[in-house]
$ cat start-v4.txt   # compact mmCIF, C-alpha atoms and all ligand atoms
# COMPACT_ATOMS: atom_id res chain seq x y z
CA MET I 545 0.00 0.00 0.00
CA ILE I 546 1.30 3.47 -0.85
CA TYR I 547 0.14 6.11 1.61
CA ASP I 548 -0.65 9.54 0.22
CA GLY I 549 -2.63 12.67 0.93
CA HIS I 550 -5.91 10.70 0.80
CA THR I 551 -4.91 7.98 3.28
CA ARG I 552 -7.38 7.62 6.16
CA THR I 553 -6.12 6.67 9.60
CA CYS I 554 -7.70 4.36 12.15
CA GLY I 555 -6.13 3.33 15.42
CA LEU I 556 -6.30 1.47 18.68
CA ILE I 557 -6.70 3.40 21.94
CA GLY I 558 -5.57 1.45 25.00
CA ASN I 559 -2.98 0.95 27.69
CA PRO I 560 -1.02 -1.18 26.99
CA VAL I 561 -1.33 -1.64 23.22
CA GLU I 562 2.07 -3.08 22.39
CA HIS I 563 0.85 -6.71 22.24
CA THR I 564 -2.02 -6.00 19.83
CA MET I 565 -2.77 -8.04 16.69
CA SER I 566 -5.23 -5.44 15.37
CA PRO I 567 -2.79 -3.54 13.06
CA LEU I 568 -1.98 -6.83 11.35
CA ILE I 569 -5.66 -7.69 10.81
CA GLN I 570 -6.80 -4.18 9.82
CA ASN I 571 -3.91 -3.42 7.46
CA PHE I 572 -4.37 -6.83 5.83
CA MET I 573 -8.06 -6.02 5.15
CA ALA I 574 -7.13 -2.58 3.79
CA GLU I 575 -4.66 -4.22 1.41
CA GLU I 576 -7.13 -6.93 0.34
CA THR I 577 -9.99 -4.49 -0.29
CA GLY I 578 -7.81 -1.76 -1.81
CA LYS I 579 -8.93 0.78 0.84
CA ASN I 580 -6.50 3.64 1.32
CA MET I 581 -6.45 3.22 5.10
CA VAL I 582 -3.74 2.69 7.69
CA TYR I 583 -4.23 1.37 11.24
CA VAL I 584 -1.83 2.14 14.10
CA PRO I 585 -1.75 1.62 17.89
CA PHE I 586 -2.01 4.63 20.25
CA HIS I 587 -0.83 4.12 23.82
CA VAL I 588 -3.06 6.47 25.83
CA GLN I 589 -2.00 7.26 29.39
CA GLN I 590 -4.46 7.14 32.27
CA GLY I 591 -6.22 10.52 32.45
CA ASP I 592 -5.70 11.31 28.77
CA LEU I 593 -8.72 9.47 27.33
CA GLU I 594 -10.91 12.52 26.70
CA ALA I 595 -8.01 14.37 25.05
CA ALA I 596 -7.28 11.27 22.93
CA VAL I 597 -10.88 11.02 21.64
CA LYS I 598 -11.09 14.77 20.94
CA GLY I 599 -7.62 14.70 19.40
CA ALA I 600 -8.56 11.77 17.16
CA TYR I 601 -11.54 13.76 15.87
CA ALA I 602 -9.44 16.90 15.37
CA LEU I 603 -6.89 14.86 13.43
CA ASN I 604 -9.69 13.57 11.17
CA LEU I 605 -9.25 9.92 12.19
CA LEU I 606 -11.82 7.71 10.47
CA GLY I 607 -12.27 5.55 13.56
CA CYS I 608 -10.67 3.80 16.48
CA ASN I 609 -10.82 0.60 18.40
CA VAL I 610 -10.80 0.90 22.16
CA THR I 611 -9.30 -1.72 24.42
CA VAL I 612 -8.46 -2.29 28.09
CA PRO I 613 -8.88 -0.29 30.32
CA TYR I 614 -11.05 2.21 28.45
CA LYS I 615 -13.99 0.23 27.01
CA SER I 616 -16.46 1.61 29.56
CA ASP I 617 -14.74 4.91 30.41
CA VAL I 618 -14.91 6.01 26.77
CA LEU I 619 -18.75 6.07 26.79
CA GLU I 620 -18.92 9.58 28.24
CA TYR I 621 -16.81 11.09 25.43
CA LEU I 622 -19.01 9.88 22.57
CA VAL I 623 -21.74 11.78 20.69
CA ASP I 624 -23.81 8.63 20.10
CA ILE I 625 -23.86 4.99 21.26
CA ASP I 626 -25.29 2.00 19.42
CA PRO I 627 -28.11 0.32 21.45
CA LEU I 628 -26.31 -3.04 21.78
CA ALA I 629 -23.14 -1.32 23.07
CA LYS I 630 -25.28 0.67 25.50
CA ARG I 631 -26.85 -2.51 26.83
CA ILE I 632 -23.47 -4.23 27.14
CA GLY I 633 -22.03 -1.10 28.74
CA ALA I 634 -18.81 -1.27 26.75
CA VAL I 635 -17.60 0.11 23.44
CA ASN I 636 -14.67 -1.23 21.45
CA THR I 637 -15.18 0.65 18.18
CA LEU I 638 -15.55 4.36 17.47
CA VAL I 639 -16.97 5.46 14.14
CA ARG I 640 -16.57 9.06 13.02
CA VAL I 641 -19.87 10.94 12.68
CA GLU I 642 -20.85 14.62 12.66
CA GLY I 643 -19.30 16.29 15.73
CA GLY I 644 -17.47 13.29 17.21
CA TYR I 645 -17.60 9.50 17.40
CA LYS I 646 -20.40 6.95 17.69
CA GLY I 647 -19.56 3.93 19.84
CA TYR I 648 -20.24 0.30 18.93
CA ASN I 649 -19.47 -3.02 20.55
CA THR I 650 -18.16 -5.37 17.85
CA ASP I 651 -16.69 -7.92 20.31
CA MET I 652 -20.00 -9.69 20.80
CA PRO I 653 -21.22 -9.51 17.18
CA GLY I 654 -17.66 -10.79 16.51
CA LEU I 655 -18.24 -13.84 18.70
CA TYR I 656 -21.60 -14.37 17.02
CA ARG I 657 -20.04 -14.19 13.53
CA ALA I 658 -17.36 -16.65 14.69
CA MET I 659 -20.14 -19.02 15.76
CA VAL I 660 -21.91 -18.64 12.42
CA HIS I 661 -18.56 -19.29 10.68
CA ASP I 662 -18.17 -22.48 12.75
CA GLY I 663 -21.75 -23.61 12.03
CA VAL I 664 -22.85 -23.25 15.66
CA ASP I 665 -26.52 -22.33 16.06
CA ILE I 666 -27.58 -20.98 19.46
CA THR I 667 -31.20 -20.33 18.51
CA GLY I 668 -33.55 -21.81 21.09
CA LYS I 669 -30.68 -23.33 23.10
CA LYS I 670 -29.70 -23.00 26.74
CA VAL I 671 -26.07 -21.92 26.65
CA VAL I 672 -23.60 -22.33 29.51
CA ILE I 673 -21.23 -19.47 30.35
CA LEU I 674 -18.25 -20.06 32.64
CA GLY I 675 -17.22 -16.82 34.35
CA ALA I 676 -18.86 -13.59 35.39
CA GLY I 677 -16.47 -10.85 34.30
CA GLY I 678 -17.08 -8.11 31.74
CA VAL I 679 -16.83 -10.53 28.84
CA ALA I 680 -19.21 -13.09 30.37
CA ARG I 681 -21.76 -10.33 30.92
CA ALA I 682 -21.46 -9.20 27.30
CA VAL I 683 -21.78 -12.80 26.08
CA ALA I 684 -25.02 -13.18 28.07
CA VAL I 685 -26.43 -10.01 26.49
CA MET I 686 -25.41 -11.17 23.01
CA LEU I 687 -27.00 -14.60 23.51
CA TYR I 688 -30.27 -12.93 24.47
CA ASP I 689 -30.01 -10.58 21.51
CA LYS I 690 -29.40 -13.48 19.08
CA GLY I 691 -32.22 -15.72 20.22
CA ALA I 692 -30.82 -18.22 22.72
CA GLU I 693 -33.47 -19.73 24.98
CA GLY I 694 -31.49 -19.01 28.11
CA VAL I 695 -28.07 -18.83 29.74
CA ILE I 696 -26.68 -20.67 32.73
CA LEU I 697 -23.82 -18.82 34.39
CA PHE I 698 -21.29 -20.58 36.60
CA ASN I 699 -18.70 -18.61 38.51
CA ARG I 700 -16.19 -19.04 41.33
CA THR I 701 -17.84 -16.04 43.00
CA PRO I 702 -21.54 -16.86 42.50
CA GLU I 703 -22.68 -13.37 43.62
CA LYS I 704 -21.07 -11.90 40.52
CA ALA I 705 -22.88 -14.38 38.29
CA GLN I 706 -26.13 -13.54 40.10
CA GLN I 707 -25.55 -9.84 39.47
CA ILE I 708 -25.24 -10.49 35.73
CA ALA I 709 -28.32 -12.73 35.75
CA ASP I 710 -30.33 -10.03 37.54
CA GLU I 711 -29.20 -7.35 35.08
CA VAL I 712 -29.91 -9.45 32.00
CA ASN I 713 -33.25 -10.68 33.35
CA GLY I 714 -34.13 -7.03 33.91
CA PHE I 715 -34.53 -6.57 30.17
CA ALA I 716 -34.84 -10.17 28.97
CA GLY I 717 -37.59 -11.40 31.28
CA ALA I 718 -37.41 -13.14 34.63
CA ASP I 719 -35.97 -16.52 33.76
CA PHE I 720 -33.58 -15.98 30.85
CA ALA I 721 -30.38 -16.13 32.94
CA LYS I 722 -29.65 -18.32 35.94
CA ALA I 723 -26.56 -18.14 38.15
CA TYR I 724 -24.73 -20.77 40.16
CA ALA I 725 -21.45 -21.52 41.88
CA LEU I 726 -18.97 -23.42 39.69
CA GLU I 727 -19.07 -26.55 41.82
CA ASP I 728 -22.85 -26.89 41.37
CA TYR I 729 -22.62 -27.78 37.69
CA ALA I 730 -23.44 -31.48 38.14
CA ASP I 731 -26.74 -30.69 39.90
CA VAL I 732 -27.74 -28.03 37.38
CA LEU I 733 -26.87 -29.46 33.95
CA LYS I 734 -29.67 -31.94 33.37
CA GLU I 735 -29.81 -31.91 29.60
CA GLU I 736 -27.82 -34.26 27.42
CA LYS I 737 -25.46 -31.75 25.73
CA TYR I 738 -24.68 -28.02 25.92
CA ILE I 739 -22.85 -25.27 24.09
CA VAL I 740 -20.36 -23.96 26.67
CA ILE I 741 -18.54 -20.63 26.49
CA GLN I 742 -15.41 -20.45 28.65
CA ALA I 743 -15.16 -16.75 29.56
CA THR I 744 -12.71 -16.84 32.48
CA SER I 745 -9.00 -16.12 32.26
CA VAL I 746 -8.13 -19.59 33.57
CA GLY I 747 -5.81 -21.42 31.17
CA MET I 748 -4.45 -18.27 29.56
CA HIS I 749 -0.70 -18.05 28.93
CA PRO I 750 1.42 -18.54 31.07
CA GLY I 751 -0.97 -20.65 33.21
CA VAL I 752 -1.61 -23.00 30.29
CA GLU I 753 -1.93 -26.18 32.35
CA LYS I 754 -4.90 -24.78 34.30
CA VAL I 755 -8.56 -25.46 33.55
CA ILE I 756 -11.67 -24.03 35.14
CA ILE I 757 -13.37 -27.44 35.73
CA ALA I 758 -11.26 -30.58 35.64
CA GLU I 759 -13.83 -33.38 36.09
CA ASP I 760 -14.43 -35.63 33.08
CA ALA I 761 -18.19 -35.77 33.74
CA PHE I 762 -18.46 -32.08 32.86
CA TYR I 763 -16.88 -32.56 29.43
CA ASP I 764 -19.26 -35.42 28.60
CA LYS I 765 -21.98 -32.73 28.58
CA ILE I 766 -20.28 -30.47 26.01
CA GLU I 767 -21.35 -30.55 22.39
CA VAL I 768 -19.49 -27.34 21.46
CA GLY I 769 -16.92 -25.58 23.65
CA TYR I 770 -15.69 -22.05 22.98
CA ASP I 771 -12.71 -20.87 24.95
CA LEU I 772 -12.51 -17.10 24.49
CA ILE I 773 -8.79 -17.31 25.25
CA PHE I 774 -6.61 -17.28 22.11
CA ASN I 775 -3.18 -17.69 23.72
CA PRO I 776 -2.49 -20.61 23.78
CA ALA I 777 -4.34 -21.64 20.62
CA ASN I 778 -5.35 -25.01 22.09
CA THR I 779 -6.19 -24.54 25.76
CA ARG I 780 -6.57 -27.36 28.25
CA PHE I 781 -10.33 -26.66 28.26
CA MET I 782 -10.39 -27.20 24.49
CA GLN I 783 -8.31 -30.36 24.76
CA LEU I 784 -10.76 -31.79 27.29
CA VAL I 785 -13.77 -30.84 25.13
CA SER I 786 -12.19 -32.53 22.08
CA SER I 787 -11.12 -35.65 23.95
CA HIS I 788 -14.73 -36.13 25.10
CA GLY I 789 -16.06 -35.90 21.54
CA GLY I 790 -17.09 -32.21 21.47
CA ARG I 791 -16.12 -29.50 18.98
CA ALA I 792 -13.67 -27.01 20.47
CA TYR I 793 -12.82 -23.49 19.32
CA ASN I 794 -10.59 -20.75 20.70
CA GLY I 795 -11.13 -16.96 20.82
CA ALA I 796 -9.01 -16.12 17.76
CA LYS I 797 -11.97 -16.00 15.35
CA MET I 798 -13.89 -13.74 17.74
CA LEU I 799 -10.90 -11.40 17.77
CA VAL I 800 -10.70 -11.42 13.98
CA TYR I 801 -14.44 -10.88 13.48
CA GLN I 802 -14.62 -7.96 15.94
CA GLY I 803 -11.97 -6.37 13.70
CA VAL I 804 -13.83 -7.35 10.53
CA ILE I 805 -17.03 -5.69 11.78
CA ALA I 806 -15.11 -2.54 12.80
CA PHE I 807 -13.48 -2.38 9.34
CA GLU I 808 -16.92 -2.77 7.72
CA LEU I 809 -18.33 0.07 9.84
CA TRP I 810 -15.44 2.41 9.00
CA ASN I 811 -15.31 1.66 5.29
CA ASN I 812 -18.91 0.80 4.46
CA VAL I 813 -17.94 -2.50 2.85
CA SER I 814 -18.66 -6.18 3.40
CA ILE I 815 -15.69 -8.41 4.20
CA SER I 816 -15.94 -11.82 2.57
CA ARG I 817 -15.40 -15.07 4.43
CA LYS I 818 -12.28 -15.59 2.26
CA VAL I 819 -10.71 -12.32 3.49
CA ALA I 820 -11.73 -13.11 7.10
CA GLU I 821 -10.01 -16.49 6.74
CA GLY I 822 -6.94 -14.64 5.40
CA CYS I 823 -6.95 -12.54 8.60
CA ILE I 824 -7.09 -15.69 10.73
CA ARG I 825 -4.10 -17.12 8.81
CA GLN I 826 -2.15 -13.84 9.22
CA MET I 827 -2.73 -13.98 12.94
CA GLU I 828 -1.72 -17.63 13.20
CA GLU I 829 1.48 -16.93 11.22
CA ALA I 830 2.39 -13.97 13.41
CA ARG I 831 2.02 -16.03 16.56
CA LYS I 832 4.38 -18.83 15.41
P1 LIG I 901 -12.49 -10.41 34.14
O1 LIG I 901 -13.54 -9.35 34.17
O2 LIG I 901 -11.21 -10.20 34.84
O3 LIG I 901 -13.17 -11.78 34.66
C1 LIG I 901 -12.40 -12.91 34.89
C2 LIG I 901 -13.29 -14.13 35.21
O4 LIG I 901 -12.42 -15.25 35.39
C3 LIG I 901 -14.11 -14.00 36.47
O5 LIG I 901 -15.32 -14.70 36.30
C4 LIG I 901 -13.24 -14.72 37.51
O6 LIG I 901 -13.97 -15.28 38.60
C5 LIG I 901 -12.68 -15.84 36.68
N1 LIG I 901 -11.43 -16.35 37.24
C6 LIG I 901 -10.22 -15.77 37.19
N2 LIG I 901 -9.31 -16.56 37.81
C7 LIG I 901 -10.00 -17.65 38.28
C8 LIG I 901 -9.61 -18.82 38.98
N3 LIG I 901 -8.36 -19.05 39.34
N4 LIG I 901 -10.58 -19.75 39.25
C9 LIG I 901 -11.86 -19.55 38.88
N5 LIG I 901 -12.27 -18.45 38.20
C10 LIG I 901 -11.35 -17.51 37.90
O7 LIG I 901 -12.10 -10.74 32.64
P2 LIG I 901 -12.92 -10.44 31.28
O8 LIG I 901 -12.59 -9.07 30.82
O9 LIG I 901 -14.32 -10.84 31.47
O10 LIG I 901 -12.17 -11.45 30.27
C11 LIG I 901 -12.28 -12.86 30.43
C12 LIG I 901 -11.43 -13.56 29.39
O11 LIG I 901 -11.99 -13.35 28.09
C13 LIG I 901 -10.00 -13.00 29.26
O12 LIG I 901 -9.16 -13.67 30.11
C14 LIG I 901 -9.64 -13.25 27.81
O13 LIG I 901 -8.92 -14.44 27.69
C15 LIG I 901 -10.98 -13.42 27.12
N6 LIG I 901 -11.19 -12.38 26.07
C16 LIG I 901 -11.16 -12.76 24.78
C17 LIG I 901 -11.36 -11.83 23.76
C18 LIG I 901 -11.32 -12.27 22.31
O14 LIG I 901 -11.41 -11.41 21.41
N7 LIG I 901 -11.24 -13.54 22.02
C19 LIG I 901 -11.59 -10.50 24.08
C20 LIG I 901 -11.60 -10.12 25.43
C21 LIG I 901 -11.40 -11.08 26.41
P3 LIG I 901 -14.30 -14.40 39.91
O15 LIG I 901 -15.47 -13.54 39.54
O16 LIG I 901 -14.64 -15.42 40.94
O17 LIG I 901 -13.07 -13.61 40.24

$ encode --input "start-v4.txt" --output "C-alpha cells"
Amino acid sequence: MIYDGHTRTCGLIGNPVEHTMSPLIQNFMAEETGKNMVYVPFHVQQGDLEAAVKGAYALNLLGCNVTVPYKSDVLEYLVDIDPLAKRIGAVNTLVRVEGGYKGYNTDMPGLYRAMVHDGVDITGKKVVILGAGGVARAVAVMLYDKGAEGVILFNRTPEKAQQIADEVNGFAGADFAKAYALEDYADVLKEEKYIVIQATSVGMHPGVEKVIIAEDAFYDKIEVGYDLIFNPANTRFMQLVSSHGGRAYNGAKMLVYQGVIAFELWNNVSISRKVAEGCIRQMEEARK
C-alpha cells in the first residue's frame, strides 16, 4: 500500500497496546480491499482518554478501536452509542460521525459471527457461560439478543454471576439467565449436551496447564466448547472438550471478526469469508 494525501487513519486506543494483533488484521483487510487506510496503535496514558478522543476527531481519524482499560470509560466522550453497546455497557469501536464518534461493541457480534462461521446455532438453546467478568456479561447479552433460549452462568464467586443474571433478566424477562457456583454444575446441567462458552481467564498463557473445571463428567456434557482465550491456541479446556467428543474453538476468530465488523463500519464495505479467513491465517502466522 502506498500512503498519500488521501490515506485515512484508524487506530487502537488502549494501555497497553504493544501486544495488539489489530494492526496486522486491519492493514491486511485494507490491502485486500484496496482501501486507502492505515491502522496504528495509540498508547493512551491514564487521564488522557478525553483528550485522545477529541484529538482523534481533530486529526480527522476515520475511527478507532478501544481496548483495556477504556472500554467503559470512553462512553462519556461519545456523541452517540449503538443500542447493543449501551446494553453491554462497553464500546470497542468508534466510528466518526458529525461532531465526534459513535460507539459500537463489535466484540460480541464478533463472537456471534465466529459461531456462524463455525456452524454453531444458538437459537432456542440453553447456553452455559463459565465466568462472570465483563466478557461473560457481554456474552449473556449477546445470547439474548441473538435468540438463545437461556443462559446458565457458573462462577467461582456466585454473587457476581447472580448480578449479571439479575441485570440481564431485567430486560430479557425473569428466567432468561440463571446463576450458580462453579461446583454446582453437576446438579444443574440436566440436559444431554450443551454449548459452553469459557469466559474466564483460567488457562491463559502462562498458566496453560490450568482449567476451570477438571472433572471428566463435565466434558461429557459439552457438544461445542468455545474458549474465548486465544493464547495458547489449544487450551486445556479445548483439549478436554475434544477428547470427550465435542467440537472445540478458541477466541481467535472472535478477535478477527470484531476487527472485521469494525473495518466494515469504517469503510462501508462487506468483508468476505475468504478475506476473514486470510486474517485468521495472518494472525496464526504472526504467533508462530
Ligand atoms: P475479568 O472481568 O477479569 O473476569 C475474569 C473471570 O475469570 C471472572 O469470572 C473470575 O472469577 C474468573 N477467574 C479468574 N481466575 C480464576 C480462577 N483461578 N478460578 C476460577 N475463576 C477464575 O475478565 P474479562 O474481561 O471478562 O475477560 C475474560 C477472558 O476473556 C480474558 O481472560 C480473555 O482471555 C478473554 N477475552 C477474549 C477476547 C477475544 O477477542 N477472544 C476479548 C476479550 C477477552 P471471579 O469472579 O470469581 O473472580

$ residues_near_ligand --input "start-v4.txt" --ligand "ligand LIG 901 (chain I)" --cutoff "7 Å" --atoms "all atoms listed in the file" --output "ChimeraX atom specification"
/I:651,675-680,699-701,704,743-746,748,756,772-774,795-796,798-799

$ axis_aligned_box --input "start-v4.txt" --around "region 741-752 of chain I" --padding-each-side "8 Å" --output "AutoDock Vina command-line options"
--center_x -8.6 --center_y -19.6 --center_z 30.0 --size_x 36.0 --size_y 22.9 --size_z 23.1

$ closest_residue --input "start-v4.txt" --among "I:Asn580, I:Ala792, I:Lys737, I:Thr779" --to "Ala761 (chain I)" --atoms "all atoms listed in the file"
I:Lys737

$ atom_distance --input "start-v4.txt" --atom1 "CA of Phe762 (chain I)" --atom2 "CA of Ala723 (chain I)"
17.0 Å

$ residues_around --input "start-v4.txt" --residues "Tyr656 (chain I)" --least-positions-apart "3" --cutoff "8 Å" --atoms "only C-alpha atoms" --output "mmCIF file with C-alpha atoms, keeping the file's coordinate frame"
data_model
loop_
_atom_site.group_PDB
_atom_site.id
_atom_site.type_symbol
_atom_site.label_atom_id
_atom_site.label_comp_id
_atom_site.auth_asym_id
_atom_site.auth_seq_id
_atom_site.Cartn_x
_atom_site.Cartn_y
_atom_site.Cartn_z
ATOM 1 C CA MET I 652 -20.000 -9.690 20.800
ATOM 2 C CA PRO I 653 -21.220 -9.510 17.180
ATOM 3 C CA MET I 659 -20.140 -19.020 15.760
ATOM 4 C CA VAL I 660 -21.910 -18.640 12.420
ATOM 5 C CA MET I 686 -25.410 -11.170 23.010
ATOM 6 C CA MET I 798 -13.890 -13.740 17.740
#

$ closest_residue --input "start-v4.txt" --among "I:Pro627, I:Ala574, I:Ile757, I:Ala806" --to "Met782 (chain I)" --atoms "only C-alpha atoms"
I:Ile757

$ build_atoms --input "start-v4.txt" --residues "region 788-803 of chain I" --atoms "N, CA, C and O atoms" --output "short mmCIF file (atom, residue, chain, number, x, y, z; two decimals), in the frame of the given file"
data_model
loop_
_atom_site.label_atom_id
_atom_site.label_comp_id
_atom_site.auth_asym_id
_atom_site.auth_seq_id
_atom_site.Cartn_x
_atom_site.Cartn_y
_atom_site.Cartn_z
N HIS I 788 -13.43 -35.54 24.73
CA HIS I 788 -14.73 -36.13 25.10
C HIS I 788 -15.72 -36.07 23.94
O HIS I 788 -16.93 -36.21 24.13
N GLY I 789 -15.22 -35.81 22.74
CA GLY I 789 -16.06 -35.90 21.54
C GLY I 789 -16.75 -34.60 21.15
O GLY I 789 -17.55 -34.58 20.21
N GLY I 790 -16.46 -33.49 21.83
CA GLY I 790 -17.09 -32.21 21.47
C GLY I 790 -16.25 -31.43 20.47
O GLY I 790 -15.09 -31.77 20.21
N ARG I 791 -16.87 -30.40 19.88
CA ARG I 791 -16.12 -29.50 18.98
C ARG I 791 -15.58 -28.35 19.81
O ARG I 791 -16.33 -27.74 20.58
N ALA I 792 -14.29 -28.04 19.64
CA ALA I 792 -13.67 -27.01 20.47
C ALA I 792 -13.10 -25.89 19.61
O ALA I 792 -12.49 -26.14 18.56
N TYR I 793 -13.33 -24.66 20.04
CA TYR I 793 -12.82 -23.49 19.32
C TYR I 793 -12.19 -22.52 20.31
O TYR I 793 -12.63 -22.42 21.45
N ASN I 794 -11.19 -21.77 19.82
CA ASN I 794 -10.59 -20.75 20.70
C ASN I 794 -11.14 -19.36 20.34
O ASN I 794 -12.03 -19.23 19.50
N GLY I 795 -10.60 -18.32 21.00
CA GLY I 795 -11.13 -16.96 20.82
C GLY I 795 -10.53 -16.19 19.65
O GLY I 795 -10.84 -15.01 19.48
N ALA I 796 -9.69 -16.86 18.84
CA ALA I 796 -9.01 -16.12 17.76
C ALA I 796 -10.00 -15.60 16.72
O ALA I 796 -9.89 -14.46 16.23
N LYS I 797 -11.00 -16.42 16.38
CA LYS I 797 -11.97 -16.00 15.35
C LYS I 797 -12.81 -14.83 15.86
O LYS I 797 -13.15 -13.93 15.10
N MET I 798 -13.13 -14.86 17.15
CA MET I 798 -13.89 -13.74 17.74
C MET I 798 -13.08 -12.45 17.60
O MET I 798 -13.61 -11.41 17.21
N LEU I 799 -11.79 -12.56 17.87
CA LEU I 799 -10.90 -11.40 17.77
C LEU I 799 -10.86 -10.87 16.33
O LEU I 799 -10.96 -9.67 16.08
N VAL I 800 -10.74 -11.81 15.39
CA VAL I 800 -10.70 -11.42 13.98
C VAL I 800 -12.02 -10.78 13.57
O VAL I 800 -12.05 -9.70 12.95
N TYR I 801 -13.14 -11.40 13.95
CA TYR I 801 -14.44 -10.88 13.48
C TYR I 801 -14.81 -9.56 14.13
O TYR I 801 -15.48 -8.74 13.52
N GLN I 802 -14.33 -9.30 15.39
CA GLN I 802 -14.62 -7.96 15.94
C GLN I 802 -13.90 -6.92 15.08
O GLN I 802 -14.42 -5.83 14.85
N GLY I 803 -12.71 -7.28 14.58
CA GLY I 803 -11.97 -6.37 13.70
C GLY I 803 -12.63 -6.24 12.33
O GLY I 803 -12.68 -5.15 11.75
#
